[in-house]
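Data block for data_29.cif (mmCIF, C-alpha atoms and all ligand atoms):
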data_upload
#
loop_
_atom_site.label_atom_id
_atom_site.label_comp_id
_atom_site.auth_asym_id
_atom_site.auth_seq_id
_atom_site.Cartn_x
_atom_site.Cartn_y
_atom_site.Cartn_z
CA MET P 625 20.41 13.47 50.45
CA LYS P 626 24.00 14.46 51.18
CA LYS P 627 25.26 13.24 54.53
CA THR P 628 27.51 15.70 56.29
CA ASN P 629 29.47 14.86 59.37
CA LEU P 630 28.51 17.50 61.89
CA SER P 631 30.11 15.81 64.89
CA SER P 632 32.30 18.44 66.44
CA TYR P 633 35.25 17.36 68.52
CA ASP P 634 38.70 18.63 69.30
CA HIS P 635 40.82 16.87 66.67
CA ALA P 636 44.02 17.62 68.57
CA SER P 637 42.75 15.66 71.58
CA VAL P 638 42.37 12.42 69.62
CA PRO P 639 45.28 9.97 70.09
CA ASP P 640 47.20 8.76 67.06
CA GLY P 641 45.91 5.43 65.79
CA SER P 642 48.81 4.32 63.61
CA ALA P 643 49.83 1.47 65.95
CA TYR P 644 46.40 -0.10 66.17
CA ARG P 645 44.36 -2.74 64.42
CA ILE P 646 40.67 -1.95 64.71
CA GLY P 647 37.59 -4.00 63.91
CA ILE P 648 34.30 -2.46 62.87
CA ILE P 649 31.11 -4.52 62.78
CA ALA P 650 27.97 -2.98 61.30
CA ALA P 651 24.41 -4.29 61.32
CA GLU P 652 22.59 -4.69 58.01
CA TRP P 653 19.25 -3.70 59.54
CA ASN P 654 18.49 -0.03 58.83
CA ALA P 655 21.42 0.08 56.42
CA GLU P 656 20.42 3.59 55.34
CA VAL P 657 21.63 4.63 58.79
CA THR P 658 24.36 2.09 59.58
CA ASP P 659 26.14 2.67 56.24
CA VAL P 660 26.59 6.34 57.13
CA LEU P 661 27.78 5.51 60.65
CA LEU P 662 30.22 2.96 59.22
CA GLN P 663 31.65 5.44 56.72
CA GLY P 664 31.99 8.05 59.45
CA ALA P 665 33.91 5.61 61.64
CA ILE P 666 36.22 4.53 58.80
CA ASP P 667 36.96 8.11 57.69
CA THR P 668 37.70 9.18 61.27
CA LEU P 669 40.04 6.27 61.99
CA LEU P 670 41.96 6.90 58.76
CA GLU P 671 42.12 10.61 59.53
CA HIS P 672 43.72 9.81 62.88
CA GLY P 673 46.41 7.54 61.52
CA VAL P 674 44.92 4.05 61.48
CA LYS P 675 46.30 2.26 58.42
CA GLU P 676 43.75 0.97 55.93
CA GLU P 677 45.27 -2.51 56.13
CA ASN P 678 44.69 -2.46 59.90
CA LEU P 679 40.94 -1.99 59.57
CA ILE P 680 38.78 -5.11 59.68
CA VAL P 681 35.25 -4.30 58.50
CA ARG P 682 32.48 -6.90 58.72
CA ARG P 683 28.68 -6.91 58.59
CA VAL P 684 26.15 -8.90 60.58
CA PRO P 685 22.39 -9.25 60.02
CA GLY P 686 21.13 -7.17 62.96
CA THR P 687 22.13 -5.22 66.03
CA PHE P 688 21.36 -8.25 68.21
CA GLU P 689 24.29 -10.08 66.57
CA LEU P 690 26.88 -7.36 67.29
CA SER P 691 28.18 -8.56 70.64
CA SER P 692 28.61 -12.20 69.64
CA ALA P 693 30.29 -11.09 66.41
CA ALA P 694 32.68 -8.85 68.37
CA ASP P 695 33.54 -11.81 70.60
CA ILE P 696 34.21 -14.03 67.56
CA MET P 697 36.30 -11.33 65.86
CA LEU P 698 38.40 -10.73 68.97
CA ASP P 699 39.12 -14.47 69.24
CA SER P 700 40.01 -14.92 65.58
CA GLN P 701 41.41 -11.63 64.18
CA TYR P 702 42.91 -10.08 67.33
CA PRO P 703 41.96 -6.43 66.81
CA ASP P 704 42.98 -4.01 69.59
CA ALA P 705 39.43 -2.62 69.69
CA VAL P 706 36.07 -3.23 68.05
CA ILE P 707 33.45 -0.64 67.12
CA CYS P 708 29.91 -2.06 67.01
CA ILE P 709 27.52 -0.14 64.76
CA GLY P 710 23.77 -0.63 64.76
CA CYS P 711 20.44 1.12 64.66
CA VAL P 712 17.35 -0.06 66.51
CA ILE P 713 14.13 1.80 65.86
CA GLN P 714 11.14 1.48 68.17
CA GLY P 715 8.38 -0.54 66.54
CA GLU P 716 5.02 -1.85 67.66
CA THR P 717 6.39 -4.93 69.41
CA ARG P 718 8.78 -5.44 72.33
CA HIS P 719 11.67 -6.36 70.02
CA PHE P 720 13.23 -2.94 70.62
CA GLU P 721 13.61 -3.52 74.36
CA PHE P 722 15.04 -7.01 73.98
CA ILE P 723 17.55 -6.02 71.32
CA CYS P 724 18.71 -2.88 73.16
CA GLN P 725 19.06 -4.74 76.46
CA ALA P 726 20.91 -7.66 74.87
CA VAL P 727 23.34 -5.59 72.83
CA SER P 728 24.23 -3.13 75.57
CA GLN P 729 24.82 -5.89 78.12
CA GLY P 730 26.50 -8.08 75.52
CA ILE P 731 28.98 -5.42 74.44
CA THR P 732 29.84 -4.68 78.07
CA ASN P 733 30.47 -8.37 78.72
CA VAL P 734 32.69 -8.78 75.65
CA ALA P 735 34.74 -5.69 76.56
CA ILE P 736 35.32 -7.02 80.07
CA LYS P 737 36.06 -10.56 78.89
CA HIS P 738 38.67 -9.42 76.37
CA GLU P 739 39.95 -6.43 78.41
CA CYS P 740 39.78 -4.16 75.40
CA PRO P 741 37.59 -1.35 74.07
CA VAL P 742 34.36 -2.58 72.49
CA ILE P 743 32.46 0.52 71.49
CA PHE P 744 28.68 0.97 71.53
CA SER P 745 27.90 2.92 68.36
CA VAL P 746 24.28 1.84 68.40
CA LEU P 747 21.45 4.27 67.82
CA THR P 748 18.26 3.46 69.75
CA THR P 749 15.60 5.86 68.56
CA ASP P 750 11.84 6.23 68.36
CA THR P 751 11.87 7.16 64.67
CA MET P 752 13.92 6.87 61.50
CA GLU P 753 14.15 10.66 61.44
CA GLN P 754 15.84 10.72 64.84
CA ALA P 755 18.28 8.08 63.62
CA LEU P 756 19.13 10.02 60.45
CA ASP P 757 19.68 13.14 62.57
CA ARG P 758 22.47 11.19 64.29
CA ALA P 759 23.88 9.66 61.11
CA GLY P 760 25.29 12.74 59.41
CA GLY P 761 22.33 14.98 60.22
CA LYS P 762 21.84 17.77 62.72
CA HIS P 763 23.09 15.73 65.68
CA GLY P 764 26.35 14.64 64.05
CA ASN P 765 27.50 11.15 63.25
CA LYS P 766 27.68 8.58 66.05
CA GLY P 767 30.06 6.49 63.94
CA VAL P 768 32.57 9.33 64.07
CA GLU P 769 32.11 9.54 67.83
CA GLY P 770 32.57 5.77 68.14
CA ALA P 771 35.89 5.96 66.30
CA VAL P 772 37.11 8.80 68.52
CA THR P 773 36.02 6.86 71.61
CA ALA P 774 37.90 3.74 70.45
CA LEU P 775 41.14 5.71 70.04
CA LYS P 776 40.70 7.43 73.40
CA MET P 777 40.01 4.12 75.16
CA LEU P 778 43.07 2.53 73.55
CA ALA P 779 45.18 5.42 74.85
CA PHE P 780 43.54 5.00 78.27
CA LYS P 781 44.39 1.30 78.29
CA GLU P 782 48.00 2.06 77.40
CA SER P 783 48.22 4.73 80.09
CA VAL P 784 47.23 2.31 82.86
CA ALA P 785 49.09 -0.78 81.61
C1 LIG P 801 14.05 -8.32 64.36
C2 LIG P 801 14.59 -6.94 64.39
C3 LIG P 801 13.74 -5.84 64.56
C4 LIG P 801 12.26 -5.98 64.75
N1 LIG P 801 14.19 -4.58 64.55
C5 LIG P 801 15.52 -4.38 64.38
C6 LIG P 801 16.05 -3.06 64.36
O1 LIG P 801 15.34 -2.05 64.47
N2 LIG P 801 17.40 -2.94 64.20
C7 LIG P 801 18.25 -4.01 64.07
O2 LIG P 801 19.46 -3.82 63.94
N3 LIG P 801 17.75 -5.26 64.06
C8 LIG P 801 16.44 -5.48 64.21
N4 LIG P 801 15.95 -6.74 64.20
C9 LIG P 801 16.87 -7.88 63.93
C10 LIG P 801 17.66 -8.36 65.17
O3 LIG P 801 18.71 -7.47 65.50
C11 LIG P 801 18.29 -9.74 64.88
O4 LIG P 801 19.06 -9.68 63.69
C12 LIG P 801 17.23 -10.84 64.73
O5 LIG P 801 16.37 -10.86 65.83
C13 LIG P 801 17.93 -12.23 64.57
O6 LIG P 801 18.69 -12.55 65.73
#

When written as structure tokens, how does the structure in this file appear?
Ligand code: DLZ
Amino acid sequence: MKKTNLSSYDHASVPDGSAYRIGIIAAEWNAEVTDVLLQGAIDTLLEHGVKEENLIVRRVPGTFELSSAADIMLDSQYPDAVICIGCVIQGETRHFEFICQAVSQGITNVAIKHECPVIFSVLTTDTMEQALDRAGGKHGNKGVEGAVTALKMLAFKESVA
């Protein structure tokens, strides 16, 4: 199935990314979804001026690992921002709740600790179909939106520094 990016945003409103080094961490779980989000984020950052050599792309096993991986990456590779990509799909057990709670709180904590944008590009859906709708389907691509958010937050940080 061809994945089309249907995320619509005002391209002119997105800050130039040529000065920035950006990390992207994607979960391996539900790779059918996270691969599309990852590609959307990469394409969008390149489109808005981020240099290929300034992209640091890494994978982790699951969404639960995203916040600790962002913390490790910020301490070791010094990106200006990190985009965390994951997809948690509701199952029969309470795993969904624990993972969603941990990753949302974890990402917030890492962003505050490092005083830099750490972006929540995590889909939390009831079904795989809902996830695919947001990974290049009828509801756009949340990886694209994560990349735009990272650039806007970097510009925000600069504007208040
Ligand atoms: C264990 C688990 C389950 C049940 N579901 C998902 C999921 O839908 N999406 C996802 O990214 N990861 C899932 N995981 C794996 C956890 O994120 C984590 O990798 C393991 O619990 C090990 O810490």

- request: Place a sphere of radius 12 Å on (14.7, 6.4, 62.9) in the file coordinates and name every protein, DNA or RNA residue with an atom inside or on its surface, counting only C-alpha atoms; give the answer as a list in words.
  value: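 These residues have at least one counted atom within 12 Å: Trp653, Asn654, Ala655, Glu656, Val657, Thr658, Gly710, Cys711, Val712, Ile713, Gln714, Gly715, Val746, Leu747, Thr748, Thr749, Asp750, Thr751, Met752, Glu753, Gln754, Ala755, Leu756, Asp757, Arg758, Ala759 and Gly761 of chain P.
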
field: Contact residues around Ala735 of chain P with all atoms listed in the file at 10 Å, ignoring same-chain residues under 5 positions, as a ChimeraX atom specification
entry: /P:691,694-695,698,705-706,730,740-743

Based on the selection just made, write C-alpha atoms of those residues as a PDB file, in the frame of the given file.
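part22.pdb written:
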ATOM      1  CA  SER P 691      28.180  -8.560  70.640  1.00  0.00           C
ATOM      2  CA  ALA P 694      32.680  -8.850  68.370  1.00  0.00           C
ATOM      3  CA  ASP P 695      33.540 -11.810  70.600  1.00  0.00           C
ATOM      4  CA  LEU P 698      38.400 -10.730  68.970  1.00  0.00           C
ATOM      5  CA  ALA P 705      39.430  -2.620  69.690  1.00  0.00           C
ATOM      6  CA  VAL P 706      36.070  -3.230  68.050  1.00  0.00           C
ATOM      7  CA  GLY P 730      26.500  -8.080  75.520  1.00  0.00           C
ATOM      8  CA  CYS P 740      39.780  -4.160  75.400  1.00  0.00           C
ATOM      9  CA  PRO P 741      37.590  -1.350  74.070  1.00  0.00           C
ATOM     10  CA  VAL P 742      34.360  -2.580  72.490  1.00  0.00           C
ATOM     11  CA  ILE P 743      32.460   0.520  71.490  1.00  0.00           C
TER      12      ILE P 743
END

field: P:Leu679, P:Ile731, P:Phe722, P:Val674 ranked by distance to Ala693 of chain P, top pick (using all atoms listed in the file)
entry: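 Of P:Leu679, P:Ile731, P:Phe722, P:Val674, the one nearest Ala693 of chain P is P:Ile731, counting all atoms listed in the file.
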
- prompt: What gap, in Å, lies between atom N1 of ligand LIG 801 (chain P) and atom CA of Asn765 of chain P?
  reply: 20.6 Å

Fewer than 3 positions away in the same chain doesn't count, so skip those; otherwise give me all residues within 10 Å of Leu775 of chain P, counting all atoms listed in the file, as a compact mmCIF listing (two decimals) with C-alpha atoms, in the frame of the given file.
# COMPACT_ATOMS: atom_id res chain seq x y z
CA VAL P 638 42.37 12.42 69.62
CA PRO P 639 45.28 9.97 70.09
CA ASP P 640 47.20 8.76 67.06
CA GLY P 641 45.91 5.43 65.79
CA TYR P 644 46.40 -0.10 66.17
CA ILE P 646 40.67 -1.95 64.71
CA LEU P 669 40.04 6.27 61.99
CA HIS P 672 43.72 9.81 62.88
CA VAL P 674 44.92 4.05 61.48
CA ASP P 704 42.98 -4.01 69.59
CA ALA P 705 39.43 -2.62 69.69
CA PRO P 741 37.59 -1.35 74.07
CA GLY P 770 32.57 5.77 68.14
CA ALA P 771 35.89 5.96 66.30
CA VAL P 772 37.11 8.80 68.52
CA LEU P 778 43.07 2.53 73.55
CA ALA P 779 45.18 5.42 74.85
CA PHE P 780 43.54 5.00 78.27
CA LYS P 781 44.39 1.30 78.29

Near-Cys708 of chain P list (6 Å; all atoms listed in the file; drop same-chain fewer than 2 positions) as a PyMOL selection string: chain P and resi 649+743-745

Go ahead and save the picked residues with C-alpha atoms, as a PDB file, in the coordinates of the input.
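Generated output (again33.pdb):
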ATOM      1  CA  ILE P 649      31.110  -4.520  62.780  1.00  0.00           C
ATOM      2  CA  ILE P 743      32.460   0.520  71.490  1.00  0.00           C
ATOM      3  CA  PHE P 744      28.680   0.970  71.530  1.00  0.00           C
ATOM      4  CA  SER P 745      27.900   2.920  68.360  1.00  0.00           C
TER       5      SER P 745
END

Atom CA of Glu739 of chain P to atom C2 of ligand LIG 801 (chain P), straight-line distance in Å: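 These atoms are spaced 29.0 Å apart.
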
Quick one: what's the axis-aligned box for ligand LIG 801 (chain P), all listed atoms, 3 Å on every side, centre and edges in Å to one decimal, as AutoDock Vina command-line options?
--center_x 15.9 --center_y -7.3 --center_z 64.8 --size_x 13.2 --size_y 16.5 --size_z 8.1

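What separates atom CA of Ser631 of chain P from atom CA of Ile648 of chain P is a distance of 18.9 Å.
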
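Of the residues listed (P:Asp659, P:Glu689, P:Glu676, P:Asp634), P:Glu689 shows the shortest atom-to-atom separation from ligand LIG 801 (chain P); distances use all atoms listed in the file.
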
field: Proximity to ligand LIG 801 (chain P) - best of P:Ile680, P:Ile723, P:Leu661, P:Ile666, all atoms listed in the file
entry: P:Ile723

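Comparing P:Val660, P:Leu690, P:Met697, P:Ala636 by their smallest distance to ligand LIG 801 (chain P), the closest is P:Leu690 (using only C-alpha atoms and all ligand atoms).
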
message: Please determine, counting only C-alpha atoms and all ligand atoms, which residue among P:Arg718, P:His635, P:Lys675, P:Arg682 has the shortest atom-to-atom distance to ligand LIG 801 (chain P).
response: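 Closest candidate: P:Arg718.
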
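The smallest atom-to-atom distance between ligand LIG 801 (chain P) and any of P:Ile696, P:Val727, P:Ala665, P:Leu670, using only C-alpha atoms and all ligand atoms, is found for P:Val727.
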
Near-Ala651 of chain P list (6 Å; only C-alpha atoms; drop same-chain fewer than 6 positions) as a PDB file with C-alpha atoms, in the frame of the given file:
ATOM      1  CA  ARG P 683      28.680  -6.910  58.590  1.00  0.00           C
ATOM      2  CA  VAL P 684      26.150  -8.900  60.580  1.00  0.00           C
ATOM      3  CA  PRO P 685      22.390  -9.250  60.020  1.00  0.00           C
ATOM      4  CA  GLY P 686      21.130  -7.170  62.960  1.00  0.00           C
ATOM      5  CA  THR P 687      22.130  -5.220  66.030  1.00  0.00           C
ATOM      6  CA  GLY P 710      23.770  -0.630  64.760  1.00  0.00           C
TER       7      GLY P 710
END

What would segment 629-640 of chain P look like with all heavy atoms restored, written as a short mmCIF file (atom, residue, chain, number, x, y, z; two decimals), in the coordinates of the input?
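Saved file part_38.cif follows:
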data_model
loop_
_atom_site.label_atom_id
_atom_site.label_comp_id
_atom_site.auth_asym_id
_atom_site.auth_seq_id
_atom_site.Cartn_x
_atom_site.Cartn_y
_atom_site.Cartn_z
N ASN P 629 29.10 15.16 58.01
CA ASN P 629 29.47 14.86 59.37
C ASN P 629 29.50 16.16 60.17
O ASN P 629 30.36 17.00 59.97
CB ASN P 629 30.84 14.18 59.41
CG ASN P 629 31.45 14.27 60.78
OD1 ASN P 629 30.73 14.29 61.77
ND2 ASN P 629 32.76 14.33 60.82
N LEU P 630 28.56 16.28 61.08
CA LEU P 630 28.51 17.50 61.89
C LEU P 630 29.04 17.25 63.30
O LEU P 630 28.94 18.12 64.16
CB LEU P 630 27.08 18.04 61.95
CG LEU P 630 26.50 18.49 60.62
CD1 LEU P 630 25.09 19.02 60.80
CD2 LEU P 630 27.37 19.56 59.99
N SER P 631 29.57 16.06 63.55
CA SER P 631 30.11 15.81 64.89
C SER P 631 31.26 16.77 65.11
O SER P 631 32.19 16.82 64.31
CB SER P 631 30.63 14.37 65.01
OG SER P 631 29.56 13.47 65.10
N SER P 632 31.20 17.52 66.18
CA SER P 632 32.30 18.44 66.44
C SER P 632 33.10 17.92 67.62
O SER P 632 32.55 17.57 68.65
CB SER P 632 31.75 19.84 66.74
OG SER P 632 30.88 19.76 67.81
N TYR P 633 34.39 17.80 67.43
CA TYR P 633 35.25 17.36 68.52
C TYR P 633 36.61 18.00 68.30
O TYR P 633 36.93 18.44 67.20
CB TYR P 633 35.34 15.83 68.58
CG TYR P 633 35.95 15.19 67.36
CD1 TYR P 633 37.31 14.89 67.32
CD2 TYR P 633 35.18 14.88 66.24
CE1 TYR P 633 37.87 14.29 66.20
CE2 TYR P 633 35.74 14.30 65.11
CZ TYR P 633 37.09 14.00 65.10
OH TYR P 633 37.65 13.42 63.99
N ASP P 634 37.38 18.03 69.37
CA ASP P 634 38.70 18.63 69.30
C ASP P 634 39.67 17.61 68.67
O ASP P 634 40.09 16.66 69.32
CB ASP P 634 39.14 18.99 70.73
CG ASP P 634 40.55 19.52 70.76
OD1 ASP P 634 41.12 19.80 69.69
OD2 ASP P 634 41.09 19.64 71.89
N HIS P 635 39.98 17.83 67.40
CA HIS P 635 40.82 16.87 66.67
C HIS P 635 42.17 16.65 67.36
O HIS P 635 42.70 15.55 67.35
CB HIS P 635 41.01 17.33 65.22
CG HIS P 635 39.75 17.18 64.41
ND1 HIS P 635 39.70 16.49 63.22
CD2 HIS P 635 38.48 17.59 64.65
CE1 HIS P 635 38.46 16.50 62.76
NE2 HIS P 635 37.71 17.18 63.59
N ALA P 636 42.70 17.72 67.95
CA ALA P 636 44.02 17.62 68.57
C ALA P 636 44.00 16.70 69.79
O ALA P 636 45.04 16.19 70.21
CB ALA P 636 44.50 19.01 68.97
N SER P 637 42.82 16.48 70.36
CA SER P 637 42.75 15.66 71.58
C SER P 637 42.63 14.16 71.26
O SER P 637 42.58 13.34 72.17
CB SER P 637 41.54 16.09 72.42
OG SER P 637 40.35 15.62 71.80
N VAL P 638 42.57 13.83 69.98
CA VAL P 638 42.37 12.42 69.62
C VAL P 638 43.74 11.74 69.45
O VAL P 638 44.58 12.21 68.68
CB VAL P 638 41.56 12.29 68.32
CG1 VAL P 638 41.34 10.83 67.96
CG2 VAL P 638 40.22 13.00 68.47
N PRO P 639 43.99 10.66 70.18
CA PRO P 639 45.28 9.97 70.09
C PRO P 639 45.54 9.41 68.69
O PRO P 639 44.59 9.07 67.97
CB PRO P 639 45.16 8.84 71.11
CG PRO P 639 44.01 9.20 71.98
CD PRO P 639 43.09 10.03 71.15
N ASP P 640 46.81 9.31 68.36
CA ASP P 640 47.20 8.76 67.06
C ASP P 640 46.86 7.26 67.02
O ASP P 640 47.10 6.53 67.97
CB ASP P 640 48.71 8.97 66.89
CG ASP P 640 49.21 8.28 65.65
OD1 ASP P 640 48.71 8.60 64.56
OD2 ASP P 640 50.09 7.40 65.77
#
